[in-house]
$ cat target_5.cif   # mmCIF, C-alpha atoms and all ligand atoms
data_run
loop_
_atom_site.label_atom_id
_atom_site.label_comp_id
_atom_site.auth_asym_id
_atom_site.auth_seq_id
_atom_site.Cartn_x
_atom_site.Cartn_y
_atom_site.Cartn_z
CA MET A 1 0.00 0.00 0.00
CA SER A 2 1.45 3.36 -0.99
CA VAL A 3 1.27 6.30 1.35
CA THR A 4 -0.72 9.08 -0.25
CA GLY A 5 0.17 12.76 0.15
CA LYS A 6 -2.75 13.10 2.57
CA GLY A 7 -1.66 10.02 4.55
CA ARG A 8 1.81 11.42 4.90
CA SER A 9 0.66 14.81 6.15
CA ASP A 10 -1.66 13.10 8.66
CA ALA A 11 1.29 11.08 9.88
CA ARG A 12 3.34 14.25 10.19
CA ALA A 13 0.56 15.94 12.14
CA ARG A 14 0.45 13.01 14.57
CA VAL A 15 4.19 13.23 15.13
CA ASN A 16 3.79 16.97 15.68
CA ASP A 17 1.08 16.33 18.30
CA PHE A 18 3.39 13.87 20.02
CA ASP A 19 6.28 16.32 20.13
CA GLN A 20 4.00 19.14 21.23
CA GLU A 21 2.77 17.17 24.18
CA LEU A 22 6.31 16.25 25.19
CA THR A 23 7.46 19.84 24.79
CA ALA A 24 4.68 20.99 27.11
CA ARG A 25 5.81 18.47 29.70
CA LEU A 26 9.41 19.59 29.36
CA ASP A 27 8.33 23.22 29.79
CA ARG A 28 6.69 22.28 33.09
CA LEU A 29 9.90 20.60 34.25
CA ARG A 30 11.85 23.76 33.42
CA GLN A 31 9.36 25.95 35.31
CA ASP A 32 9.67 23.71 38.36
CA GLY A 33 13.48 23.84 38.33
CA LEU A 34 13.52 20.12 37.48
CA TRP A 35 15.05 20.26 34.01
CA ARG A 36 18.00 17.90 33.60
CA GLU A 37 20.49 17.59 30.82
CA LEU A 38 23.56 15.58 30.04
CA ARG A 39 26.95 17.22 30.25
CA ARG A 40 29.58 15.78 28.01
CA ILE A 41 32.80 14.94 29.81
CA ASP A 42 35.83 14.68 27.57
CA SER A 43 38.18 13.07 30.06
CA ALA A 44 38.36 10.01 32.29
CA GLN A 45 36.65 9.97 35.70
CA GLY A 46 38.85 11.66 38.22
CA THR A 47 39.15 14.58 40.56
CA ARG A 48 39.51 16.80 37.47
CA VAL A 49 37.18 16.45 34.51
CA GLN A 50 37.15 18.27 31.17
CA ILE A 51 33.83 19.85 30.18
CA GLY A 52 33.54 22.15 27.17
CA GLY A 53 37.31 22.66 27.00
CA ARG A 54 37.54 23.66 30.67
CA SER A 55 38.91 21.68 33.60
CA PHE A 56 36.63 21.25 36.63
CA LEU A 57 37.30 20.02 40.12
CA ASN A 58 34.97 17.04 40.46
CA PHE A 59 33.03 16.31 43.66
CA SER A 60 30.27 14.31 41.98
CA SER A 61 31.77 10.89 41.33
CA ASN A 62 31.05 7.65 43.22
CA ASP A 63 34.48 6.35 42.21
CA TYR A 64 35.25 6.43 45.94
CA LEU A 65 38.62 4.75 45.90
CA GLY A 66 39.76 6.22 42.60
CA LEU A 67 39.88 2.80 40.94
CA ALA A 68 38.02 3.74 37.73
CA THR A 69 41.30 4.80 36.15
CA HIS A 70 43.64 2.45 38.04
CA PRO A 71 46.28 0.75 35.84
CA ALA A 72 45.46 -2.71 37.26
CA LEU A 73 41.80 -2.40 36.22
CA ARG A 74 42.69 -1.02 32.81
CA GLU A 75 45.14 -3.87 32.26
CA ALA A 76 42.61 -6.48 33.35
CA ALA A 77 40.01 -5.05 30.95
CA ILE A 78 42.47 -4.96 28.06
CA ARG A 79 43.56 -8.53 28.75
CA ALA A 80 39.93 -9.68 28.81
CA ILE A 81 39.28 -7.98 25.48
CA ARG A 82 42.32 -9.68 24.03
CA ASP A 83 41.30 -13.11 25.32
CA PHE A 84 37.51 -12.92 25.15
CA GLY A 85 36.66 -10.15 22.68
CA THR A 86 34.38 -7.19 23.22
CA GLY A 87 30.93 -8.78 23.29
CA SER A 88 29.61 -11.64 25.42
CA GLY A 89 27.38 -13.03 22.68
CA ALA A 90 24.26 -13.93 24.63
CA SER A 91 22.73 -14.12 28.05
CA ARG A 92 24.65 -16.16 30.61
CA LEU A 93 22.27 -19.13 30.35
CA ILE A 94 22.50 -19.29 26.55
CA CYS A 95 26.24 -19.07 25.86
CA GLY A 96 27.54 -15.89 27.47
CA SER A 97 28.72 -17.33 30.80
CA LEU A 98 32.33 -16.50 30.12
CA ALA A 99 35.22 -17.28 32.45
CA PRO A 100 35.63 -13.61 33.54
CA HIS A 101 32.07 -13.64 34.98
CA HIS A 102 32.81 -16.80 36.96
CA GLY A 103 36.15 -15.45 38.13
CA LEU A 104 34.46 -12.25 39.30
CA GLU A 105 31.71 -14.10 41.16
CA GLU A 106 34.18 -16.37 42.92
CA ALA A 107 36.21 -13.32 43.95
CA LEU A 108 33.08 -11.52 45.17
CA ALA A 109 31.93 -14.49 47.28
CA VAL A 110 35.38 -14.69 48.89
CA PHE A 111 35.43 -10.94 49.45
CA LYS A 112 31.93 -10.79 50.96
CA GLY A 113 32.42 -13.98 52.95
CA THR A 114 29.32 -15.62 51.47
CA ALA A 115 28.79 -19.04 49.92
CA ALA A 116 28.13 -17.56 46.48
CA ALA A 117 27.54 -14.42 44.42
CA LEU A 118 25.83 -13.54 41.16
CA THR A 119 26.54 -10.53 38.97
CA PHE A 120 24.12 -8.52 36.85
CA SER A 121 24.67 -5.86 34.19
CA THR A 122 23.94 -3.11 36.76
CA GLY A 123 22.97 -2.72 40.40
CA TYR A 124 19.58 -1.59 39.16
CA ALA A 125 19.13 -4.86 37.29
CA ALA A 126 20.28 -6.80 40.36
CA ALA A 127 17.60 -5.21 42.54
CA VAL A 128 14.81 -5.58 40.02
CA GLY A 129 15.69 -9.18 39.17
CA THR A 130 16.17 -10.28 42.75
CA ILE A 131 13.14 -8.74 44.41
CA ALA A 132 10.79 -9.82 41.63
CA ALA A 133 12.27 -13.35 41.78
CA LEU A 134 11.79 -13.64 45.55
CA LEU A 135 8.35 -12.09 46.00
CA GLY A 136 4.95 -12.29 44.39
CA PRO A 137 1.53 -10.68 44.85
CA ASP A 138 0.83 -12.66 48.04
CA ASP A 139 3.93 -11.26 49.74
CA ILE A 140 4.85 -8.07 51.56
CA ILE A 141 7.84 -5.81 50.97
CA VAL A 142 8.75 -3.17 53.54
CA VAL A 143 11.21 -0.48 52.47
CA ASP A 144 12.86 2.49 54.14
CA ARG A 145 11.38 5.72 52.81
CA LEU A 146 14.78 6.69 51.35
CA VAL A 147 15.78 3.48 49.56
CA HIS A 148 17.10 3.80 46.04
CA ALA A 149 14.61 3.97 43.16
CA CYS A 150 15.70 0.54 41.89
CA CYS A 151 14.27 -1.12 45.00
CA ILE A 152 10.98 0.76 44.68
CA ASP A 153 10.68 -0.15 41.00
CA ALA A 154 11.51 -3.75 41.89
CA ALA A 155 8.87 -3.80 44.61
CA ARG A 156 6.24 -2.56 42.18
CA LEU A 157 7.29 -5.07 39.55
CA SER A 158 7.08 -7.98 42.01
CA GLY A 159 3.41 -7.19 42.69
CA ALA A 160 4.01 -7.63 46.44
CA LYS A 161 2.23 -5.31 48.87
CA LEU A 162 4.56 -2.33 49.32
CA ARG A 163 4.80 -0.71 52.74
CA VAL A 164 7.15 2.19 53.48
CA PHE A 165 8.60 2.88 56.94
CA GLY A 166 9.90 6.27 58.07
CA HIS A 167 13.56 6.76 57.37
CA ASN A 168 15.55 4.63 59.87
CA ASP A 169 12.43 4.55 62.07
CA LEU A 170 12.44 1.11 63.69
CA THR A 171 9.29 1.80 65.71
CA ASP A 172 7.45 2.42 62.46
CA LEU A 173 9.06 -0.66 60.92
CA GLU A 174 8.00 -2.78 63.88
CA SER A 175 4.39 -1.64 63.60
CA ILE A 176 4.40 -2.67 59.94
CA LEU A 177 5.99 -6.04 60.79
CA ALA A 178 3.30 -6.58 63.44
CA TRP A 179 0.63 -5.75 60.87
CA ALA A 180 2.25 -8.17 58.40
CA ALA A 181 2.34 -10.92 61.04
CA GLY A 182 -1.43 -10.51 61.36
CA LYS A 183 -1.80 -11.50 57.70
CA THR A 184 -0.72 -15.05 58.46
CA THR A 185 -3.59 -17.55 58.35
CA PRO A 186 -3.55 -21.32 58.85
CA THR A 187 -3.31 -21.72 55.07
CA LYS A 188 -1.32 -18.65 54.04
CA ARG A 189 1.88 -17.12 55.27
CA PRO A 190 3.02 -14.12 53.24
CA ARG A 191 6.76 -13.72 52.93
CA VAL A 192 8.00 -10.44 54.36
CA LEU A 193 11.10 -8.79 52.91
CA ILE A 194 12.65 -5.66 54.42
CA VAL A 195 14.84 -3.58 52.12
CA THR A 196 17.23 -0.92 53.30
CA GLU A 197 20.56 0.66 52.45
CA SER A 198 23.67 0.63 54.55
CA VAL A 199 24.70 4.17 53.53
CA PHE A 200 21.84 6.21 52.06
CA SER A 201 22.79 7.50 48.66
CA MET A 202 21.55 11.09 48.90
CA ASP A 203 21.90 11.72 52.65
CA GLY A 204 25.05 9.80 53.53
CA ASP A 205 23.63 8.53 56.82
CA THR A 206 23.60 4.87 57.82
CA ALA A 207 20.93 2.35 58.77
CA PRO A 208 20.77 1.19 62.41
CA LEU A 209 21.70 -2.21 61.08
CA ARG A 210 22.24 -4.22 64.26
CA ALA A 211 18.88 -3.26 65.76
CA LEU A 212 17.23 -3.77 62.40
CA VAL A 213 18.64 -7.30 62.11
CA GLU A 214 17.42 -8.14 65.61
CA LEU A 215 13.97 -6.80 64.75
CA LYS A 216 13.64 -8.73 61.51
CA GLU A 217 14.75 -11.91 63.26
CA ARG A 218 12.09 -11.47 65.92
CA TYR A 219 9.43 -11.25 63.20
CA GLY A 220 10.88 -13.89 60.89
CA ALA A 221 11.27 -11.40 58.03
CA TRP A 222 14.04 -11.44 55.42
CA LEU A 223 16.47 -8.57 54.94
CA MET A 224 17.96 -7.25 51.72
CA LEU A 225 20.77 -4.79 52.33
CA ASP A 226 21.95 -2.49 49.54
CA GLU A 227 25.63 -1.84 50.25
CA ALA A 228 26.21 0.36 47.17
CA HIS A 229 27.86 3.17 49.15
CA ALA A 230 29.52 1.14 51.91
CA THR A 231 31.33 -1.62 50.05
CA GLY A 232 35.02 -0.86 49.74
CA MET A 233 34.92 1.47 52.74
CA PHE A 234 33.18 0.01 55.80
CA GLY A 235 34.40 -2.89 57.93
CA ASP A 236 37.84 -4.30 58.70
CA HIS A 237 37.97 -5.95 55.27
CA ARG A 238 35.96 -3.19 53.59
CA ARG A 239 33.11 -5.59 52.85
CA GLY A 240 30.45 -3.13 53.90
CA LEU A 241 28.33 -2.06 56.86
CA ALA A 242 27.18 -5.63 57.55
CA GLU A 243 30.79 -6.52 58.26
CA ALA A 244 31.36 -3.38 60.33
CA GLU A 245 28.32 -4.23 62.46
CA GLY A 246 29.19 -7.94 62.66
CA VAL A 247 25.94 -9.16 61.08
CA THR A 248 27.16 -10.50 57.72
CA ASP A 249 25.79 -14.00 58.24
CA ARG A 250 22.44 -12.68 59.48
CA VAL A 251 21.54 -10.75 56.31
CA GLU A 252 19.79 -12.97 53.76
CA ILE A 253 20.48 -10.85 50.67
CA GLN A 254 23.49 -8.56 50.29
CA MET A 255 23.40 -6.35 47.26
CA GLY A 256 25.90 -3.95 45.76
CA THR A 257 27.21 -2.33 42.63
CA LEU A 258 30.50 -2.81 40.82
CA GLY A 259 30.26 0.74 39.47
CA LYS A 260 31.21 2.72 42.57
CA ALA A 261 34.14 1.81 44.84
CA PHE A 262 35.04 -1.15 42.60
CA GLY A 263 35.70 1.21 39.70
CA ALA A 264 33.97 -0.79 36.95
CA SER A 265 30.31 -1.48 36.19
CA GLY A 266 27.69 -4.07 37.05
CA GLY A 267 25.74 -5.17 40.10
CA TYR A 268 25.90 -8.17 42.41
CA ILE A 269 24.00 -10.21 44.93
CA ALA A 270 25.93 -12.17 47.56
CA GLY A 271 24.41 -14.82 49.79
CA SER A 272 23.70 -18.52 50.12
CA ARG A 273 24.07 -21.05 47.30
CA ALA A 274 20.28 -21.53 47.34
CA LEU A 275 19.71 -17.80 46.88
CA ILE A 276 22.11 -17.61 43.95
CA ASP A 277 20.66 -20.74 42.29
CA LEU A 278 17.17 -19.34 42.66
CA LEU A 279 18.25 -16.09 40.99
CA ILE A 280 19.92 -17.94 38.11
CA ASN A 281 16.60 -19.68 37.56
CA ARG A 282 14.19 -16.87 38.29
CA ALA A 283 15.72 -13.38 38.00
CA ARG A 284 14.38 -12.07 34.71
CA SER A 285 16.87 -9.19 34.42
CA PHE A 286 19.60 -11.85 34.58
CA ILE A 287 17.97 -14.44 32.32
CA PHE A 288 16.68 -12.17 29.54
CA SER A 289 19.66 -9.87 29.11
CA THR A 290 22.95 -10.27 27.32
CA ALA A 291 25.80 -10.89 29.74
CA PRO A 292 27.98 -7.87 30.59
CA VAL A 293 31.05 -7.50 28.39
CA PRO A 294 34.05 -9.56 29.57
CA ALA A 295 36.11 -6.38 30.01
CA ALA A 296 33.65 -5.09 32.63
CA ALA A 297 33.79 -8.35 34.58
CA ALA A 298 37.58 -8.49 34.45
CA ALA A 299 37.95 -4.86 35.54
CA ALA A 300 35.50 -5.42 38.39
CA ARG A 301 37.39 -8.50 39.54
CA ALA A 302 40.64 -6.53 39.57
CA GLY A 303 38.75 -3.88 41.58
CA VAL A 304 37.53 -6.46 44.11
CA GLU A 305 41.04 -7.82 44.53
CA LEU A 306 42.54 -4.37 44.93
CA VAL A 307 39.94 -3.39 47.54
CA GLN A 308 40.76 -6.56 49.50
CA GLY A 309 44.49 -6.01 49.49
CA GLU A 310 47.00 -3.61 51.02
CA GLU A 311 46.28 -0.90 48.46
CA GLY A 312 42.56 -1.05 49.20
CA CYS A 313 43.35 -0.55 52.87
CA LEU A 314 45.57 2.46 52.12
CA ARG A 315 43.02 4.02 49.79
CA ALA A 316 40.17 3.53 52.27
CA THR A 317 42.28 5.23 54.95
CA GLN A 318 43.08 8.06 52.56
CA LEU A 319 39.37 8.38 51.77
CA GLN A 320 38.65 8.78 55.48
CA ASN A 321 41.10 11.69 55.62
CA VAL A 322 39.42 13.34 52.65
CA VAL A 323 35.96 12.79 54.18
CA ARG A 324 37.05 14.54 57.39
CA GLN A 325 38.54 17.45 55.46
CA LEU A 326 35.54 17.74 53.15
CA ARG A 327 33.16 17.82 56.13
CA ALA A 328 35.22 20.59 57.67
CA THR A 329 35.30 22.52 54.39
CA LEU A 330 31.53 22.25 54.00
CA GLY A 331 30.94 23.13 57.64
CA ALA A 332 29.12 19.83 58.15
CA ALA A 333 28.95 18.60 61.72
CA PRO A 334 30.76 15.28 62.10
CA PRO A 335 28.07 12.63 62.59
CA THR A 336 28.61 10.02 65.25
CA GLY A 337 28.84 6.28 64.68
CA PRO A 338 29.54 4.62 61.36
CA ALA A 339 27.99 7.49 59.34
CA ALA A 340 31.16 9.47 60.08
CA MET A 341 32.84 7.25 57.49
CA SER A 342 30.34 7.97 54.75
CA ALA A 343 31.81 9.65 51.66
CA ILE A 344 28.50 11.35 50.79
CA ILE A 345 28.03 14.80 52.23
CA PRO A 346 24.93 16.71 51.16
CA LEU A 347 24.58 20.48 51.43
CA ILE A 348 20.83 20.93 51.80
CA ILE A 349 19.40 23.90 49.86
CA GLY A 350 15.68 23.11 49.84
CA ASP A 351 14.31 24.94 46.84
CA GLU A 352 14.95 23.20 43.51
CA GLY A 353 15.67 26.38 41.58
CA GLN A 354 18.07 27.63 44.26
CA ALA A 355 19.96 24.36 44.22
CA VAL A 356 20.50 24.77 40.50
CA VAL A 357 21.63 28.37 41.00
CA HIS A 358 24.19 27.23 43.57
CA ALA A 359 25.45 24.40 41.38
CA LEU A 360 25.86 26.85 38.50
CA ALA A 361 27.65 29.38 40.70
CA LEU A 362 30.08 26.67 41.81
CA ARG A 363 30.57 25.63 38.20
CA GLU A 364 31.56 29.20 37.38
CA GLN A 365 34.21 28.78 40.08
CA GLY A 366 35.40 25.61 38.37
CA VAL A 367 33.77 23.10 40.74
CA PHE A 368 31.51 20.37 39.43
CA VAL A 369 28.89 19.14 41.89
CA PRO A 370 25.35 18.01 41.08
CA ALA A 371 22.12 19.68 42.20
CA ILE A 372 20.06 16.70 43.37
CA ARG A 373 16.35 17.34 43.04
CA PHE A 374 12.98 15.63 42.87
CA PRO A 375 12.40 12.83 41.97
CA THR A 376 15.79 11.70 43.29
CA VAL A 377 14.96 13.35 46.63
CA ALA A 378 11.66 14.67 48.04
CA ARG A 379 10.35 17.99 46.73
CA GLY A 380 11.68 20.94 48.71
CA SER A 381 14.78 19.06 49.86
CA ALA A 382 17.04 19.78 46.89
CA ARG A 383 20.72 19.65 47.69
CA LEU A 384 24.25 19.78 46.44
CA ARG A 385 25.64 16.28 46.87
CA PHE A 386 29.37 16.23 47.47
CA THR A 387 31.26 12.96 47.33
CA ALA A 388 34.77 12.50 48.61
CA THR A 389 37.19 10.17 46.88
CA ALA A 390 40.57 8.82 47.92
CA SER A 391 42.10 10.78 45.04
CA HIS A 392 41.16 14.26 46.28
CA SER A 393 44.17 16.22 47.51
CA ALA A 394 44.50 18.91 50.16
CA ALA A 395 44.92 21.41 47.29
CA ASP A 396 41.58 20.26 45.82
CA LEU A 397 39.86 20.91 49.15
CA ALA A 398 41.49 24.32 49.47
CA GLU A 399 40.22 25.17 45.99
CA LEU A 400 36.71 24.06 46.95
CA ASP A 401 36.90 26.19 50.08
CA THR A 402 37.71 29.27 48.00
CA ALA A 403 34.85 28.53 45.61
CA LEU A 404 32.38 28.07 48.49
CA ARG A 405 33.36 31.38 50.04
CA ALA A 406 32.33 33.10 46.82
CA LEU A 407 28.78 31.70 47.17
CA PRO A 408 25.80 33.38 48.84
CA ARG A 409 25.57 31.79 52.30
CA ALA A 410 22.08 30.26 52.24
CA THR A 411 22.93 26.67 52.90
CA SER A 412 23.10 24.28 55.78
CA THR A 413 24.07 20.67 56.29
CA PRO A 414 22.06 18.12 58.24
C1 LIG B 1 23.99 3.40 42.35
C2 LIG B 1 23.02 2.66 43.22
C3 LIG B 1 22.34 1.53 42.77
C4 LIG B 1 22.39 1.09 41.34
O1 LIG B 1 23.60 0.56 40.98
P1 LIG B 1 24.05 0.71 39.45
O2 LIG B 1 25.13 -0.27 39.32
O3 LIG B 1 24.47 2.11 39.28
O4 LIG B 1 22.85 0.38 38.61
C5 LIG B 1 21.57 0.85 43.67
N1 LIG B 1 21.42 1.26 44.92
C6 LIG B 1 22.02 2.36 45.38
C7 LIG B 1 21.83 2.78 46.80
C8 LIG B 1 22.82 3.11 44.54
O5 LIG B 1 23.38 4.23 44.98
#
$ encode --input "target_5.cif" --output "structure tokens"
Amino acid sequence: MSVTGKGRSDARARVNDFDQELTARLDRLRQDGLWRELRRIDSAQGTRVQIGGRSFLNFSSNDYLGLATHPALREAAIRAIRDFGTGSGASRLICGSLAPHHGLEEALAVFKGTAAALTFSTGYAAAVGTIAALLGPDDIIVVDRLVHACCIDAARLSGAKLRVFGHNDLTDLESILAWAAGKTTPTKRPRVLIVTESVFSMDGDTAPLRALVELKERYGAWLMLDEAHATGMFGDHRRGLAEAEGVTDRVEIQMGTLGKAFGASGGYIAGSRALIDLLINRARSFIFSTAPVPAAAAAARAGVELVQGEEGCLRATQLQNVVRQLRATLGAAPPTGPAAMSAIIPLIIGDEGQAVVHALALREQGVFVPAIRFPTVARGSARLRFTATASHSAADLAELDTALRALPRATSTP
């Protein structure tokens, strides 16, 4: 069938309607101070990044230990490309389960001190695949109000009843667990999964993990702990907050990303052999997706090994020094307990538009830091999110201090 002149102009009109509607939506985002755009970076991740021909001091990266450009990771990736090529060919269950993925998972299980581990293409995919594999519509999922979007999306996808407890509010959590316990009948016992983060990604505070573990044990609930911002930093072996709090073997599902402190990309779940086998059989984001490229797995494995070794220890110690200096520079009160080790330090602004204004003003001073706004955080709690890395120098912090002094003083830290 040929498209007539009239048919073609109708088609064009429909496309115009589509674009007009989207443009109206984008206009609303702009008015609300919620417009986002990509900024092209012409250099590697590091404390200095090149944007539009200018060098910026970078306080926005989650490359906490500075491993994203480490020679050992680069070498490992290059070697994997040489030996295994660039693509993985298929999903792991079809023919993409290449040796670098197995090597990485063995290294992760050793590192985390669990029986097994499974990797995914991203942390997001790990959360979505795992939660939807473990729970169904008859079950209950209880999440901290500030958990990462991937866990919320996963909860929705699973069809389980979603209940949200106040941030780190164990009294609220207990009342939900008591409610959930009341759902048990002689014939039906809904599974209850609690999901929280060890270090919260936009606030930098930590979960009261020990008390939380005791609570979930009392109610027979399962716990999934997202260690995205604690792995590589917390605990004697830098395994995460579960290690630091001595509860590793009491957390059913430990989750993390390979894209932050490990300097590569991907996500992982660590836990029992049964958990990992169930995920291999049931996690749809694992089953129906091409395996990550071998270079990513090899780089991540080199990252895991570095974190575990002497150099990881030195870098984590260096990171702690930078965190202390960055807190002082930002005028943030040192928090007590494990949160003092968190590399995420938000400067709360409140208003979305103001946060953007401050981020732009800092950019004029040569400092790159993101304005975090709704929907990443609640409306009216926009912030500049500073992250410390082991690679920041005293000179970098002095330069930030100068830039901050040039800003209007309308900010506070929690
Ligand atoms: C970054 C992050 C994720 C997602 O991991 P990716 O590998 O980036 O997909 C999950 N949870 C938290 C808390 C994160 O900060």
$ closest_residue --input "target_5.cif" --among "A:Ala109, A:Ala242, A:Ala264, A:Leu212" --to "ligand LIG 1 (chain B)" --atoms "only C-alpha atoms and all ligand atoms"
A:Ala264
$ closest_residue --input "target_5.cif" --among "A:Phe200, A:Phe286, A:Phe368, A:Phe234" --to "ligand LIG 1 (chain B)" --atoms "all atoms listed in the file"
A:Phe200
$ residues_around --input "target_5.cif" --residues "Ala115 (chain A)" --least-positions-apart "3" --cutoff "12 Å" --atoms "all atoms listed in the file" --output "PyMOL selection string"
chain A and resi 105-112+118+248-249+252-254+269-277
$ write_last_selection --input "target_5.cif" --atoms "C-alpha atoms" --output "PDB file, in the coordinates of the input"
ATOM      1  CA  GLU A 105      31.710 -14.100  41.160  1.00  0.00           C
ATOM      2  CA  GLU A 106      34.180 -16.370  42.920  1.00  0.00           C
ATOM      3  CA  ALA A 107      36.210 -13.320  43.950  1.00  0.00           C
ATOM      4  CA  LEU A 108      33.080 -11.520  45.170  1.00  0.00           C
ATOM      5  CA  ALA A 109      31.930 -14.490  47.280  1.00  0.00           C
ATOM      6  CA  VAL A 110      35.380 -14.690  48.890  1.00  0.00           C
ATOM      7  CA  PHE A 111      35.430 -10.940  49.450  1.00  0.00           C
ATOM      8  CA  LYS A 112      31.930 -10.790  50.960  1.00  0.00           C
ATOM      9  CA  LEU A 118      25.830 -13.540  41.160  1.00  0.00           C
ATOM     10  CA  THR A 248      27.160 -10.500  57.720  1.00  0.00           C
ATOM     11  CA  ASP A 249      25.790 -14.000  58.240  1.00  0.00           C
ATOM     12  CA  GLU A 252      19.790 -12.970  53.760  1.00  0.00           C
ATOM     13  CA  ILE A 253      20.480 -10.850  50.670  1.00  0.00           C
ATOM     14  CA  GLN A 254      23.490  -8.560  50.290  1.00  0.00           C
ATOM     15  CA  ILE A 269      24.000 -10.210  44.930  1.00  0.00           C
ATOM     16  CA  ALA A 270      25.930 -12.170  47.560  1.00  0.00           C
ATOM     17  CA  GLY A 271      24.410 -14.820  49.790  1.00  0.00           C
ATOM     18  CA  SER A 272      23.700 -18.520  50.120  1.00  0.00           C
ATOM     19  CA  ARG A 273      24.070 -21.050  47.300  1.00  0.00           C
ATOM     20  CA  ALA A 274      20.280 -21.530  47.340  1.00  0.00           C
ATOM     21  CA  LEU A 275      19.710 -17.800  46.880  1.00  0.00           C
ATOM     22  CA  ILE A 276      22.110 -17.610  43.950  1.00  0.00           C
ATOM     23  CA  ASP A 277      20.660 -20.740  42.290  1.00  0.00           C
TER      24      ASP A 277
END
$ closest_residue --input "target_5.cif" --among "A:Asp396, A:Glu174, A:Asp351, A:Asp138" --to "Glu214 (chain A)" --atoms "only C-alpha atoms"
A:Glu174
$ atom_distance --input "target_5.cif" --atom1 "CA of Ala296 (chain A)" --atom2 "CA of Ala80 (chain A)"
8.7 Å
$ residues_around --input "target_5.cif" --residues "region 39-44 of chain A" --least-positions-apart "2" --cutoff "10 Å" --atoms "all atoms listed in the file" --output "PyMOL selection string"
chain A and resi 36-37+46-55+68-69
$ residues_near_ligand --input "target_5.cif" --ligand "ligand LIG 1 (chain B)" --cutoff "8 Å" --atoms "all atoms listed in the file" --output "list of chain:residue names"
A:Ser121, A:Thr122, A:Gly123, A:Tyr124, A:Ala125, A:Ala126, A:Ala127, A:Val147, A:His148, A:Ala149, A:Cys150, A:Cys151, A:Glu197, A:Val199, A:Phe200, A:Ser201, A:Asp226, A:Glu227, A:Ala228, A:His229, A:Gly256, A:Thr257, A:Leu258, A:Gly259, A:Lys260, A:Ser265, A:Gly266, A:Gly267
$ atom_distance --input "target_5.cif" --atom1 "CA of His358 (chain A)" --atom2 "CA of Leu57 (chain A)"
15.4 Å
$ closest_residue --input "target_5.cif" --among "A:Asp63, A:Glu311, A:Asp236, A:Glu21" --to "Ser391 (chain A)" --atoms "all atoms listed in the file"
A:Asp63
$ atom_distance --input "target_5.cif" --atom1 "CA of Asp203 (chain A)" --atom2 "CA of Arg145 (chain A)"
12.1 Å
$ residues_near_point --input "target_5.cif" --point "(36.8, 0.2, 35.6)" --cutoff "10 Å" --atoms "all atoms listed in the file" --output "PyMOL selection string"
chain A and resi 45+63+66-77+258-265+295-303
$ write_last_selection --input "target_5.cif" --atoms "C-alpha atoms" --output "PDB file, keeping the file's coordinate frame"
ATOM      1  CA  GLN A  45      36.650   9.970  35.700  1.00  0.00           C
ATOM      2  CA  ASP A  63      34.480   6.350  42.210  1.00  0.00           C
ATOM      3  CA  GLY A  66      39.760   6.220  42.600  1.00  0.00           C
ATOM      4  CA  LEU A  67      39.880   2.800  40.940  1.00  0.00           C
ATOM      5  CA  ALA A  68      38.020   3.740  37.730  1.00  0.00           C
ATOM      6  CA  THR A  69      41.300   4.800  36.150  1.00  0.00           C
ATOM      7  CA  HIS A  70      43.640   2.450  38.040  1.00  0.00           C
ATOM      8  CA  PRO A  71      46.280   0.750  35.840  1.00  0.00           C
ATOM      9  CA  ALA A  72      45.460  -2.710  37.260  1.00  0.00           C
ATOM     10  CA  LEU A  73      41.800  -2.400  36.220  1.00  0.00           C
ATOM     11  CA  ARG A  74      42.690  -1.020  32.810  1.00  0.00           C
ATOM     12  CA  GLU A  75      45.140  -3.870  32.260  1.00  0.00           C
ATOM     13  CA  ALA A  76      42.610  -6.480  33.350  1.00  0.00           C
ATOM     14  CA  ALA A  77      40.010  -5.050  30.950  1.00  0.00           C
ATOM     15  CA  LEU A 258      30.500  -2.810  40.820  1.00  0.00           C
ATOM     16  CA  GLY A 259      30.260   0.740  39.470  1.00  0.00           C
ATOM     17  CA  LYS A 260      31.210   2.720  42.570  1.00  0.00           C
ATOM     18  CA  ALA A 261      34.140   1.810  44.840  1.00  0.00           C
ATOM     19  CA  PHE A 262      35.040  -1.150  42.600  1.00  0.00           C
ATOM     20  CA  GLY A 263      35.700   1.210  39.700  1.00  0.00           C
ATOM     21  CA  ALA A 264      33.970  -0.790  36.950  1.00  0.00           C
ATOM     22  CA  SER A 265      30.310  -1.480  36.190  1.00  0.00           C
ATOM     23  CA  ALA A 295      36.110  -6.380  30.010  1.00  0.00           C
ATOM     24  CA  ALA A 296      33.650  -5.090  32.630  1.00  0.00           C
ATOM     25  CA  ALA A 297      33.790  -8.350  34.580  1.00  0.00           C
ATOM     26  CA  ALA A 298      37.580  -8.490  34.450  1.00  0.00           C
ATOM     27  CA  ALA A 299      37.950  -4.860  35.540  1.00  0.00           C
ATOM     28  CA  ALA A 300      35.500  -5.420  38.390  1.00  0.00           C
ATOM     29  CA  ARG A 301      37.390  -8.500  39.540  1.00  0.00           C
ATOM     30  CA  ALA A 302      40.640  -6.530  39.570  1.00  0.00           C
ATOM     31  CA  GLY A 303      38.750  -3.880  41.580  1.00  0.00           C
TER      32      GLY A 303
END
$ closest_residue --input "target_5.cif" --among "A:Lys161, A:Leu319, A:Tyr268, A:Thr114" --to "Asn62 (chain A)" --atoms "all atoms listed in the file"
A:Leu319
$ residues_around --input "target_5.cif" --residues "Gly87 (chain A)" --least-positions-apart "4" --cutoff "8 Å" --atoms "all atoms listed in the file" --output "list in words"
Pro292, Val293 and Pro294 of chain A
